[in-house]
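Taking it in order: structure first as structure tokens, then the write-up.
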Amino acid sequence: MTITQIMIYVRVAETLSFTQTAQDLHMTQPAVSHAIASIEGELDVKLLLRDRKRGVMLTEIGQKVLVHFRGILQHMERAQQHIAAEKGLEVGTLTIGAFPSASAYFLPPIIRHIRQHYPNLVFDLHEGSTNEVKEWVHTKKIEAGIILLPDDEVDLIPLYRDHMIVLLPDGHPLGEGDSIDIHQLHNQDMVLCKGGHEVAIMDAFERENCQLHIKFTTHNVGTLVSMVREGLGIGIVSSLAMSMYPHHMTVKPITPRITREIGIAVPSLHNASRAVRLFLRTAEELFGQKH
């Protein structure tokens, strides 16, 4: 079994397409099929299934092998980085994941800072929900992910404490004060954004024995902003997320403060590559004290 065959399998498993893999790796489709058949023959197990209606699917053992094969490729990447470092170069590819607001806020300055010193490093960026990013770290699809804490299954570097703010429709009576007490939101019509906001908000309302009346649920902050602007309810959203959406709406702090912890997750700090360690160090230098 060769590294090339392992790379082909990982790509097929991620795209669930022999055709797409062939295009991505600049190969012919028969060559991709032959590589998969060779791995299955050597291991004497079926890793992939082809179904006319459902397409390519991973078997149970195929999913387990995928995690191990990703680990092999990451070990090879680390070896190449160490060899390059001995030659006085910092090269390689760093695979990073983040949820949208974290991606927009944290990654550009981190990457800019790193590339000023190590221009040969390549960044492969993946964006998804916080749960998707966690899953990518667990299955080693990415080497590091910016997530919402906690997560007991991976190693974590706390990075940033984000706080929630209240977004009010124009002319709302609660907009007259300097801040809003959570008890003032008892049974108010609320617009809630999923994807990392809801847990901290629901916990805070429960602690204060307040009724959280969710009128509408959205899956992105832009929709929440539009719904509040139309007077459909009051929004609670993170200050980090709102910083990505220019607006002219009434925003108030909430008391008691509602916060959520953001950190960087890696499968293993002990086995992290030089590039991952550089990413972690840079992130802590730029954002570690900003709470």
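Convention: chains lettered A, B, ... in structure tokens order; per-chain residue numbering from 1; ligands numbered from 1 as shown.
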Contact residues around stretch 168-173 of chain A with only C-alpha atoms at 6 Å, ignoring same-chain residues under 2 positions, as a ChimeraX atom specification:
/A:175,228-229,231,234,250
Residue subset to file, keeping N, CA and C atoms, as a short mmCIF file (atom, residue, chain, number, x, y, z; two decimals), in the first residue's frame:
```cif
data_model
loop_
_atom_site.label_atom_id
_atom_site.label_comp_id
_atom_site.auth_asym_id
_atom_site.auth_seq_id
_atom_site.Cartn_x
_atom_site.Cartn_y
_atom_site.Cartn_z
N GLY A 175 -35.02 49.95 24.73
CA GLY A 175 -33.84 50.64 24.20
C GLY A 175 -33.48 51.89 24.95
N VAL A 228 -35.18 40.96 13.31
CA VAL A 228 -35.30 41.97 14.36
C VAL A 228 -35.58 43.33 13.75
N ARG A 229 -34.92 43.65 12.66
CA ARG A 229 -35.14 44.93 11.98
C ARG A 229 -36.60 45.09 11.56
N GLY A 231 -39.08 43.99 13.19
CA GLY A 231 -39.93 44.04 14.36
C GLY A 231 -40.55 42.72 14.76
N ILE A 234 -37.07 40.27 19.60
CA ILE A 234 -35.79 40.73 20.15
C ILE A 234 -34.76 39.64 19.91
N THR A 250 -30.30 49.15 17.41
CA THR A 250 -30.06 49.38 18.84
C THR A 250 -29.49 48.11 19.47
#
```
### Message
Which residues are close to stretch 112-122 of chain A, i.e. within 9 Å by only C-alpha atoms, leaving aside same-chain residues fewer than 4 positions away? Reply as a PyMOL selection string.
### Response
chain A and resi 89-95+107-108+275+278-279+282
Requested in this report: Within 7 Å of stretch 6-20 of chain A, counting only C-alpha atoms, which residues show up once you throw out same-chain ones fewer than 5 positions away? Write them as an NGL selection string, please.
Outcome: :A and (29 or 32 or 36 or 56-58 or 66 or 69-70)
